[in-house]
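Text of run.tsv (TSV, C-alpha atoms) as supplied:
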```tsv
chain	number	residue	atom	x	y	z
A	1	MET	CA	268.17	101.03	193.32
A	2	LYS	CA	268.10	101.08	197.15
A	3	LYS	CA	264.47	102.24	197.13
A	4	VAL	CA	263.51	99.35	194.82
A	5	ILE	CA	265.22	96.82	197.13
A	6	LEU	CA	263.53	98.27	200.23
A	7	LEU	CA	260.13	98.20	198.48
A	8	PHE	CA	260.68	94.56	197.45
A	9	ILE	CA	261.63	93.60	201.04
A	10	GLY	CA	258.53	95.40	202.40
A	11	LEU	CA	256.25	93.59	199.96
A	12	CYS	CA	257.78	90.22	200.84
A	13	SER	CA	257.36	90.78	204.57
A	14	SER	CA	253.74	91.85	204.03
A	15	VAL	CA	252.99	88.68	202.05
A	16	LEU	CA	254.62	86.44	204.67
A	17	SER	CA	252.68	88.05	207.54
A	18	ALA	CA	249.31	87.55	205.84
A	19	GLN	CA	249.61	84.33	203.81
A	20	ASN	CA	246.08	83.18	204.57
A	21	ILE	CA	244.22	86.46	204.10
A	22	SER	CA	244.07	89.36	201.67
A	23	PHE	CA	242.60	92.82	202.17
A	24	SER	CA	242.39	95.91	199.95
A	25	LEU	CA	240.77	99.35	199.80
A	26	GLU	CA	240.01	100.79	196.35
A	27	ALA	CA	238.48	104.11	195.20
A	28	ASP	CA	236.89	104.98	191.87
A	29	THR	CA	238.86	108.27	191.76
A	30	ASN	CA	241.41	110.23	193.76
A	31	SER	CA	240.37	113.74	192.69
A	32	ILE	CA	236.97	115.44	193.09
A	33	LEU	CA	235.34	118.85	193.30
A	34	ILE	CA	233.82	119.97	196.60
A	35	GLY	CA	230.57	118.09	197.25
A	36	GLU	CA	231.18	115.29	194.71
A	37	GLN	CA	231.12	111.68	195.84
A	38	ILE	CA	233.77	108.96	195.87
A	39	LYS	CA	232.95	105.26	196.05
A	40	LEU	CA	235.29	103.22	198.26
A	41	GLN	CA	235.28	99.43	198.15
A	42	LEU	CA	236.75	97.19	200.88
A	43	LYS	CA	237.60	93.66	199.72
A	44	ALA	CA	238.92	90.74	201.74
A	45	GLU	CA	239.45	87.01	201.41
A	46	ILE	CA	239.92	84.82	204.51
A	47	PRO	CA	239.58	81.14	205.43
A	48	ALA	CA	235.94	80.17	205.94
A	49	GLY	CA	235.05	79.75	209.61
A	50	ASP	CA	237.70	82.17	210.91
A	51	ASN	CA	236.67	84.83	213.43
A	52	TYR	CA	237.36	88.23	211.94
A	53	GLN	CA	237.19	91.91	212.91
A	54	TRP	CA	236.02	94.09	210.04
A	55	PRO	CA	237.62	97.56	210.04
A	56	PHE	CA	235.71	100.83	210.29
A	57	LEU	CA	236.51	104.01	208.38
A	58	PRO	CA	237.48	106.50	211.16
A	59	ASP	CA	235.10	109.44	211.58
A	60	THR	CA	237.97	111.64	212.78
A	61	ILE	CA	239.62	112.05	209.36
A	62	LYS	CA	239.88	115.78	208.64
A	63	GLY	CA	237.71	116.88	205.72
A	64	LEU	CA	236.06	113.46	205.27
A	65	LEU	CA	232.27	113.07	205.24
A	66	THR	CA	230.80	109.54	205.17
A	67	LEU	CA	227.53	109.62	203.19
A	68	GLU	CA	226.56	105.94	203.10
A	69	THR	CA	228.03	102.73	204.55
A	70	GLY	CA	226.82	99.62	202.77
A	71	SER	CA	226.34	96.18	204.27
A	72	ILE	CA	229.13	93.60	204.26
A	73	ASP	CA	228.52	91.05	201.49
A	74	SER	CA	229.94	87.55	201.93
A	75	LEU	CA	230.50	84.55	199.63
A	76	ILE	CA	232.00	81.13	200.49
A	77	LYS	CA	233.82	79.18	197.77
A	78	ASN	CA	236.39	76.39	198.15
A	79	ASP	CA	236.76	76.92	201.93
A	80	ARG	CA	237.45	80.63	201.34
A	81	LEU	CA	235.23	83.47	202.55
A	82	THR	CA	235.11	86.55	200.31
A	83	LEU	CA	233.91	89.78	201.96
A	84	SER	CA	233.18	93.18	200.39
A	85	GLN	CA	231.68	96.51	201.45
A	86	ASN	CA	230.96	99.77	199.60
A	87	ILE	CA	231.29	103.18	201.29
A	88	ASN	CA	230.31	106.50	199.71
A	89	ILE	CA	232.26	109.53	200.95
A	90	SER	CA	232.56	113.22	200.10
A	91	SER	CA	234.22	116.41	201.33
A	92	PHE	CA	233.19	120.04	201.60
A	93	ASP	CA	236.68	121.34	202.39
A	94	SER	CA	239.18	122.02	199.62
A	95	GLY	CA	242.62	120.52	199.99
A	96	PHE	CA	243.78	116.96	200.54
A	97	VAL	CA	242.07	114.17	202.49
A	98	HIS	CA	244.31	111.35	203.70
A	99	ILE	CA	242.69	107.91	203.92
A	100	PRO	CA	244.89	105.85	206.28
A	101	ARG	CA	245.69	102.17	206.04
A	102	LEU	CA	242.96	99.97	207.50
A	103	ALA	CA	243.60	96.68	209.30
A	104	LEU	CA	241.63	93.44	208.90
A	105	ILE	CA	242.14	90.82	211.65
A	106	SER	CA	241.23	87.20	210.90
A	107	GLY	CA	242.07	84.58	213.50
A	108	SER	CA	245.73	85.13	214.36
A	109	ASP	CA	246.55	86.84	211.03
A	110	SER	CA	246.15	90.44	209.95
A	111	ALA	CA	246.35	92.35	206.68
A	112	PHE	CA	246.50	96.05	205.87
A	113	SER	CA	245.00	97.99	202.99
A	114	GLN	CA	246.90	100.65	201.14
A	115	GLY	CA	246.43	104.26	202.19
A	116	PHE	CA	245.90	107.02	199.65
A	117	ILE	CA	245.24	110.76	199.31
A	118	ILE	CA	242.17	112.40	197.76
A	119	ARG	CA	242.46	115.85	196.20
A	120	VAL	CA	239.42	118.09	196.76
A	121	ALA	CA	239.31	121.15	194.48
A	122	LEU	CA	237.07	124.21	194.28
A	123	ALA	CA	234.65	124.50	191.37
A	124	LYS	CA	235.92	126.84	188.66
A	125	ALA	CA	234.11	130.15	188.27
A	126	GLN	CA	232.26	130.67	184.97
A	127	GLU	CA	234.18	133.65	183.60
A	128	ASP	CA	232.37	133.69	180.23
A	129	HIS	CA	229.03	134.64	181.81
A	130	GLU	CA	228.01	138.28	182.10
A	131	LEU	CA	227.71	139.60	185.68
A	132	TYR	CA	224.90	141.88	186.83
A	133	ASP	CA	224.48	144.23	189.78
A	134	ILE	CA	222.56	142.94	192.76
A	135	LYS	CA	219.01	144.28	192.76
A	136	GLY	CA	217.42	145.67	195.88
A	137	PRO	CA	214.80	143.68	197.80
A	138	LYS	CA	211.16	143.89	196.76
A	139	ASP	CA	208.18	143.94	199.11
A	140	ALA	CA	206.39	140.60	199.11
A	141	PRO	CA	202.65	140.79	198.34
A	142	PHE	CA	200.38	140.07	201.30
A	143	GLU	CA	198.65	136.70	201.03
A	144	TRP	CA	195.92	135.25	203.21
A	145	LEU	CA	196.44	131.64	202.19
A	146	PRO	CA	199.63	131.04	204.28
A	147	ILE	CA	197.90	132.54	207.34
A	148	PHE	CA	195.00	130.13	206.82
A	149	TYR	CA	197.32	127.11	206.64
A	150	ILE	CA	199.29	128.27	209.70
A	151	SER	CA	196.09	128.70	211.71
A	152	LEU	CA	194.87	125.28	210.60
A	153	GLY	CA	198.19	123.75	211.64
A	154	LEU	CA	198.10	125.37	215.08
A	155	ILE	CA	194.54	124.13	215.68
A	156	SER	CA	195.55	120.59	214.62
A	157	LEU	CA	198.58	120.72	216.93
A	158	ALA	CA	196.42	121.86	219.87
A	159	LEU	CA	193.97	119.00	219.27
A	160	LEU	CA	196.83	116.50	219.10
A	161	VAL	CA	198.33	117.75	222.39
A	162	PHE	CA	194.90	117.56	224.04
A	163	TYR	CA	194.44	113.96	222.81
A	164	LEU	CA	197.92	112.87	224.03
A	165	LEU	CA	197.42	114.45	227.47
A	166	LYS	CA	194.06	112.74	227.85
A	167	ARG	CA	195.55	109.41	226.83
A	168	MET	CA	198.40	109.77	229.34
A	169	ARG	CA	195.91	110.47	232.14
A	170	ASN	CA	193.94	107.36	231.26
A	171	LYS	CA	197.11	105.27	231.36
A	172	LYS	CA	197.96	106.57	234.82
A	173	LYS	CA	194.52	105.58	236.08
A	174	ALA	CA	194.76	102.04	234.63
A	175	PRO	CA	196.22	99.39	236.98
A	176	GLN	CA	199.80	98.51	236.22
A	177	LYS	CA	200.56	94.96	235.13
A	178	GLU	CA	203.12	92.83	236.93
A	179	LEU	CA	206.34	93.12	234.93
A	180	ILE	CA	208.47	90.69	236.96
A	181	PRO	CA	208.19	87.11	235.59
A	182	SER	CA	206.99	84.50	238.09
A	183	LEU	CA	209.45	81.86	236.83
A	184	PRO	CA	213.04	81.62	238.14
A	185	PRO	CA	215.61	83.43	235.95
A	186	SER	CA	217.01	80.26	234.30
A	187	GLU	CA	213.60	78.77	233.51
A	188	TRP	CA	212.31	82.09	232.21
A	189	ALA	CA	215.37	82.58	229.95
A	190	LEU	CA	215.12	79.04	228.51
A	191	GLN	CA	211.41	79.55	227.85
A	192	GLU	CA	212.06	82.84	226.03
A	193	LEU	CA	214.91	81.29	224.01
A	194	GLN	CA	212.57	78.48	222.93
A	195	LYS	CA	209.99	81.03	221.76
A	196	LEU	CA	212.67	82.99	219.88
A	197	GLU	CA	213.98	79.86	218.16
A	198	ALA	CA	210.46	78.88	217.06
A	199	ARG	CA	209.94	82.27	215.35
A	200	LYS	CA	212.87	81.59	212.91
A	201	LEU	CA	213.72	85.29	212.58
A	202	TRP	CA	217.22	85.02	211.12
A	203	GLN	CA	216.10	82.27	208.74
A	204	GLU	CA	213.61	84.79	207.29
A	205	GLY	CA	216.27	87.50	206.91
A	206	LYS	CA	215.36	89.40	210.10
A	207	GLN	CA	218.84	89.26	211.64
A	208	LYS	CA	218.68	92.64	213.38
A	209	GLU	CA	215.42	91.71	215.15
A	210	PHE	CA	216.82	88.26	216.03
A	211	TYR	CA	219.97	89.64	217.73
A	212	SER	CA	218.04	92.41	219.51
A	213	GLU	CA	215.71	89.89	221.16
A	214	LEU	CA	218.49	87.35	221.83
A	215	ILE	CA	220.71	89.87	223.63
A	216	ASP	CA	217.71	91.32	225.51
A	217	ILE	CA	217.00	87.85	226.93
A	218	LEU	CA	220.63	87.65	228.08
A	219	ARG	CA	220.43	91.14	229.63
A	220	HIS	CA	217.23	90.34	231.57
A	221	PHE	CA	218.73	87.05	232.75
A	222	LEU	CA	221.91	88.75	234.01
A	223	GLU	CA	219.92	91.43	235.83
A	224	ARG	CA	217.67	88.92	237.59
A	225	LYS	CA	220.29	86.25	238.28
A	226	TYR	CA	223.38	88.34	239.08
A	227	SER	CA	221.86	91.80	239.77
A	228	LEU	CA	223.95	93.35	236.97
A	229	LYS	CA	222.89	96.61	235.32
A	230	ALA	CA	222.80	94.97	231.93
A	231	MET	CA	219.97	96.80	230.11
A	232	GLU	CA	221.83	100.12	230.08
A	233	SER	CA	225.26	98.66	229.19
A	234	THR	CA	226.90	98.52	225.77
A	235	ALA	CA	228.21	95.20	224.43
A	236	GLU	CA	231.78	95.92	225.56
A	237	GLU	CA	230.65	97.14	228.99
A	238	LEU	CA	228.57	93.99	229.40
A	239	ILE	CA	231.54	91.80	228.46
A	240	GLU	CA	233.61	93.48	231.21
A	241	LYS	CA	230.85	92.81	233.77
A	242	ILE	CA	230.44	89.16	232.73
A	243	ALA	CA	234.21	88.65	233.03
A	244	LYS	CA	233.89	89.26	236.78
A	245	LEU	CA	231.41	86.36	237.18
A	246	GLU	CA	232.55	82.84	238.04
A	247	ILE	CA	231.87	81.16	234.70
A	248	ALA	CA	233.90	78.81	232.52
A	249	SER	CA	236.33	80.41	230.09
A	250	GLU	CA	234.70	78.73	227.07
A	251	ASN	CA	231.30	80.14	228.06
A	252	PHE	CA	232.77	83.63	228.49
A	253	SER	CA	234.52	83.45	225.11
A	254	ALA	CA	231.34	82.31	223.32
A	255	ILE	CA	229.16	84.97	224.97
A	256	SER	CA	231.70	87.72	224.18
A	257	LYS	CA	231.73	86.65	220.52
A	258	SER	CA	227.91	86.69	220.42
A	259	LEU	CA	227.72	90.19	221.93
A	260	ARG	CA	230.27	91.64	219.49
A	261	LEU	CA	228.54	89.96	216.53
A	262	SER	CA	225.18	91.39	217.61
A	263	SER	CA	226.69	94.91	217.62
A	264	MET	CA	228.06	94.42	214.10
A	265	VAL	CA	224.67	93.21	212.83
A	266	LYS	CA	222.61	95.94	214.55
A	267	PHE	CA	224.88	98.96	214.04
A	268	ALA	CA	227.28	98.14	211.17
A	269	LYS	CA	224.67	96.32	209.00
A	270	GLN	CA	226.83	93.19	208.84
A	271	GLN	CA	225.10	90.07	207.55
A	272	ALA	CA	226.04	87.12	209.77
A	273	LEU	CA	226.39	83.65	208.30
A	274	ALA	CA	224.00	80.83	209.22
A	275	TYR	CA	226.49	79.02	211.44
A	276	GLU	CA	227.30	82.30	213.23
A	277	ASN	CA	223.61	82.79	214.08
A	278	GLU	CA	223.36	79.23	215.41
A	279	GLU	CA	226.56	79.60	217.47
A	280	ALA	CA	225.37	82.90	218.98
A	281	PHE	CA	222.04	81.38	220.02
A	282	GLN	CA	223.68	78.23	221.43
A	283	ALA	CA	226.22	80.28	223.40
A	284	ILE	CA	223.46	82.09	225.32
A	285	LYS	CA	221.50	78.85	225.83
A	286	ASP	CA	224.54	76.92	227.12
A	287	PHE	CA	225.35	79.75	229.54
A	288	VAL	CA	221.82	79.65	231.00
A	289	LEU	CA	221.79	75.83	231.18
A	290	LYS	CA	225.14	75.62	233.00
A	291	THR	CA	224.00	78.29	235.42
A	292	GLN	CA	220.85	76.27	236.10
A	293	VAL	CA	222.82	73.03	236.67
A	294	LYS	CA	225.22	74.82	239.01
A	295	GLN	CA	222.33	76.19	241.05
A	296	VAL	CA	220.72	72.72	241.38
A	297	LYS	CA	224.01	71.24	242.64
A	298	GLU	CA	224.39	74.01	245.19
A	299	GLU	CA	220.83	73.47	246.45
A	300	LYS	CA	221.47	69.70	246.87
A	301	ASN	CA	224.67	70.33	248.82
A	302	GLU	CA	222.79	72.58	251.20
```
Will you turn the file into structure tokens for me?
Amino acid sequence: MKKVILLFIGLCSSVLSAQNISFSLEADTNSILIGEQIKLQLKAEIPAGDNYQWPFLPDTIKGLLTLETGSIDSLIKNDRLTLSQNINISSFDSGFVHIPRLALISGSDSAFSQGFIIRVALAKAQEDHELYDIKGPKDAPFEWLPIFYISLGLISLALLVFYLLKRMRNKKKAPQKELIPSLPPSEWALQELQKLEARKLWQEGKQKEFYSELIDILRHFLERKYSLKAMESTAEELIEKIAKLEIASENFSAISKSLRLSSMVKFAKQQALAYENEEAFQAIKDFVLKTQVKQVKEEKNE
């Protein structure tokens, strides 16, 4: 009776702490043989327009092998955003694999999935089959055909290496083009943003290409304007460097959101919503514009 009361209290507290969001992790089975697959499905429902952090399945779980991570599907209905993602996993170690609880953060709320245990068993030996002694090795017959193909491959490889070396020498002899833009950093960045907007990449479903070019424009701008080593920095490292600049807090918050969203799109295959793409683009543009206005004011004061 005490266990039932404690379970009821735990469920009530969980519901109260995540009234606006729901999150679950389901599996199509909890018992497999070594090498078989399990399909996991993450499901969530949050208020539309909320900023959220989608959880990742840890790669440090003992015995767990992630085979395929699907994209995050989204659907808006009645001011609610429904999210789902499929993950295929397997294991090549017999025993038990513990999938921990995962946390979804949406705005100021959070919700946790249930954790569960997967049993991984060895395949049963086929005792009803007759066993035979292992036969000794036989000498393989000599064949000329493999030698012919190997020789042909080596000749092709030598020709390819010769062609690449010759091409590299020709490139060294050619005069190098000027890589540094002639325009000031702000004007150059605004010009590149205008070109990117005109190409309508995300509208045509090319979100990964859109965010790669958008963030590259920001990186080049930061390197030229503030002498930051932005091209070699990750999104989180770049956020830490931008935090040290004298910029408005709203600009910093918008740029940080854009950088984290770009990482989710490029590396976690997340599909951003239309308004998220527009906000990310506008955040970079506003940052460049305000930097340009600030520079003009400083030049007038001088």
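Summary of the local environment: counting only C-alpha atoms, residues at most 8 Å from Gly107 (chain A), other than itself and those fewer than 3 positions away along its chain, are A:Asp50, A:Asn51, A:Tyr52, A:Ser110.
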Exercise: Gln282 (chain A) partners within 12 Å, only C-alpha atoms, chain neighbours under 2 positions left out, as a ChimeraX atom specification:
/A:190,193-194,197,214,218,251,254-255,257-258,275-280,284-290
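Compared by their closest atoms to Phe221 (chain A), and using all atoms listed in the file, the residues A:Glu237, A:Thr291, A:Ser113, A:Phe281 rank with A:Thr291 nearest.
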Within 12 Å of (239.3, 94.1, 210.1) (coordinates as in the file), grab all the protein and nucleic acid residues, counting only C-alpha atoms, and write them out as a ChimeraX atom specification.
/A:21-25,42-46,51-57,72,83-85,101-113,264
Write the residues of the preceding selection, restricted to C-alpha atoms, as a PDB file, in the coordinates of the input.
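File written: part-v6.pdb
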```pdb
ATOM      1  CA  ILE A  21     244.220  86.460 204.100  1.00  0.00           C
ATOM      2  CA  SER A  22     244.070  89.360 201.670  1.00  0.00           C
ATOM      3  CA  PHE A  23     242.600  92.820 202.170  1.00  0.00           C
ATOM      4  CA  SER A  24     242.390  95.910 199.950  1.00  0.00           C
ATOM      5  CA  LEU A  25     240.770  99.350 199.800  1.00  0.00           C
ATOM      6  CA  LEU A  42     236.750  97.190 200.880  1.00  0.00           C
ATOM      7  CA  LYS A  43     237.600  93.660 199.720  1.00  0.00           C
ATOM      8  CA  ALA A  44     238.920  90.740 201.740  1.00  0.00           C
ATOM      9  CA  GLU A  45     239.450  87.010 201.410  1.00  0.00           C
ATOM     10  CA  ILE A  46     239.920  84.820 204.510  1.00  0.00           C
ATOM     11  CA  ASN A  51     236.670  84.830 213.430  1.00  0.00           C
ATOM     12  CA  TYR A  52     237.360  88.230 211.940  1.00  0.00           C
ATOM     13  CA  GLN A  53     237.190  91.910 212.910  1.00  0.00           C
ATOM     14  CA  TRP A  54     236.020  94.090 210.040  1.00  0.00           C
ATOM     15  CA  PRO A  55     237.620  97.560 210.040  1.00  0.00           C
ATOM     16  CA  PHE A  56     235.710 100.830 210.290  1.00  0.00           C
ATOM     17  CA  LEU A  57     236.510 104.010 208.380  1.00  0.00           C
ATOM     18  CA  ILE A  72     229.130  93.600 204.260  1.00  0.00           C
ATOM     19  CA  LEU A  83     233.910  89.780 201.960  1.00  0.00           C
ATOM     20  CA  SER A  84     233.180  93.180 200.390  1.00  0.00           C
ATOM     21  CA  GLN A  85     231.680  96.510 201.450  1.00  0.00           C
ATOM     22  CA  ARG A 101     245.690 102.170 206.040  1.00  0.00           C
ATOM     23  CA  LEU A 102     242.960  99.970 207.500  1.00  0.00           C
ATOM     24  CA  ALA A 103     243.600  96.680 209.300  1.00  0.00           C
ATOM     25  CA  LEU A 104     241.630  93.440 208.900  1.00  0.00           C
ATOM     26  CA  ILE A 105     242.140  90.820 211.650  1.00  0.00           C
ATOM     27  CA  SER A 106     241.230  87.200 210.900  1.00  0.00           C
ATOM     28  CA  GLY A 107     242.070  84.580 213.500  1.00  0.00           C
ATOM     29  CA  SER A 108     245.730  85.130 214.360  1.00  0.00           C
ATOM     30  CA  ASP A 109     246.550  86.840 211.030  1.00  0.00           C
ATOM     31  CA  SER A 110     246.150  90.440 209.950  1.00  0.00           C
ATOM     32  CA  ALA A 111     246.350  92.350 206.680  1.00  0.00           C
ATOM     33  CA  PHE A 112     246.500  96.050 205.870  1.00  0.00           C
ATOM     34  CA  SER A 113     245.000  97.990 202.990  1.00  0.00           C
ATOM     35  CA  MET A 264     228.060  94.420 214.100  1.00  0.00           C
TER      36      MET A 264
END
```
Atom pair CA of Phe96 (chain A) / CA of Gln37 (chain A): separation (Å)
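That distance, rounded to one decimal, is 14.5 Å.
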Go ahead and compute the interatomic distance for CA of Ser263 (chain A) and CA of Ile99 (chain A), in Å to one decimal.
24.8 Å
In Å and to one decimal, CA of Ala230 (chain A) is distant from CA of Ile215 (chain A) by 10.0 Å
10 Å contact set for Glu26 (chain A), all atoms listed in the file, chain neighbours under 4 positions out, as a tab-separated table (two decimals) with C-alpha atoms, in the coordinates of the input:
```
chain	number	residue	atom	x	y	z
A	30	ASN	CA	241.41	110.23	193.76
A	39	LYS	CA	232.95	105.26	196.05
A	40	LEU	CA	235.29	103.22	198.26
A	41	GLN	CA	235.28	99.43	198.15
A	42	LEU	CA	236.75	97.19	200.88
A	43	LYS	CA	237.60	93.66	199.72
A	86	ASN	CA	230.96	99.77	199.60
A	113	SER	CA	245.00	97.99	202.99
A	114	GLN	CA	246.90	100.65	201.14
A	115	GLY	CA	246.43	104.26	202.19
A	116	PHE	CA	245.90	107.02	199.65
```
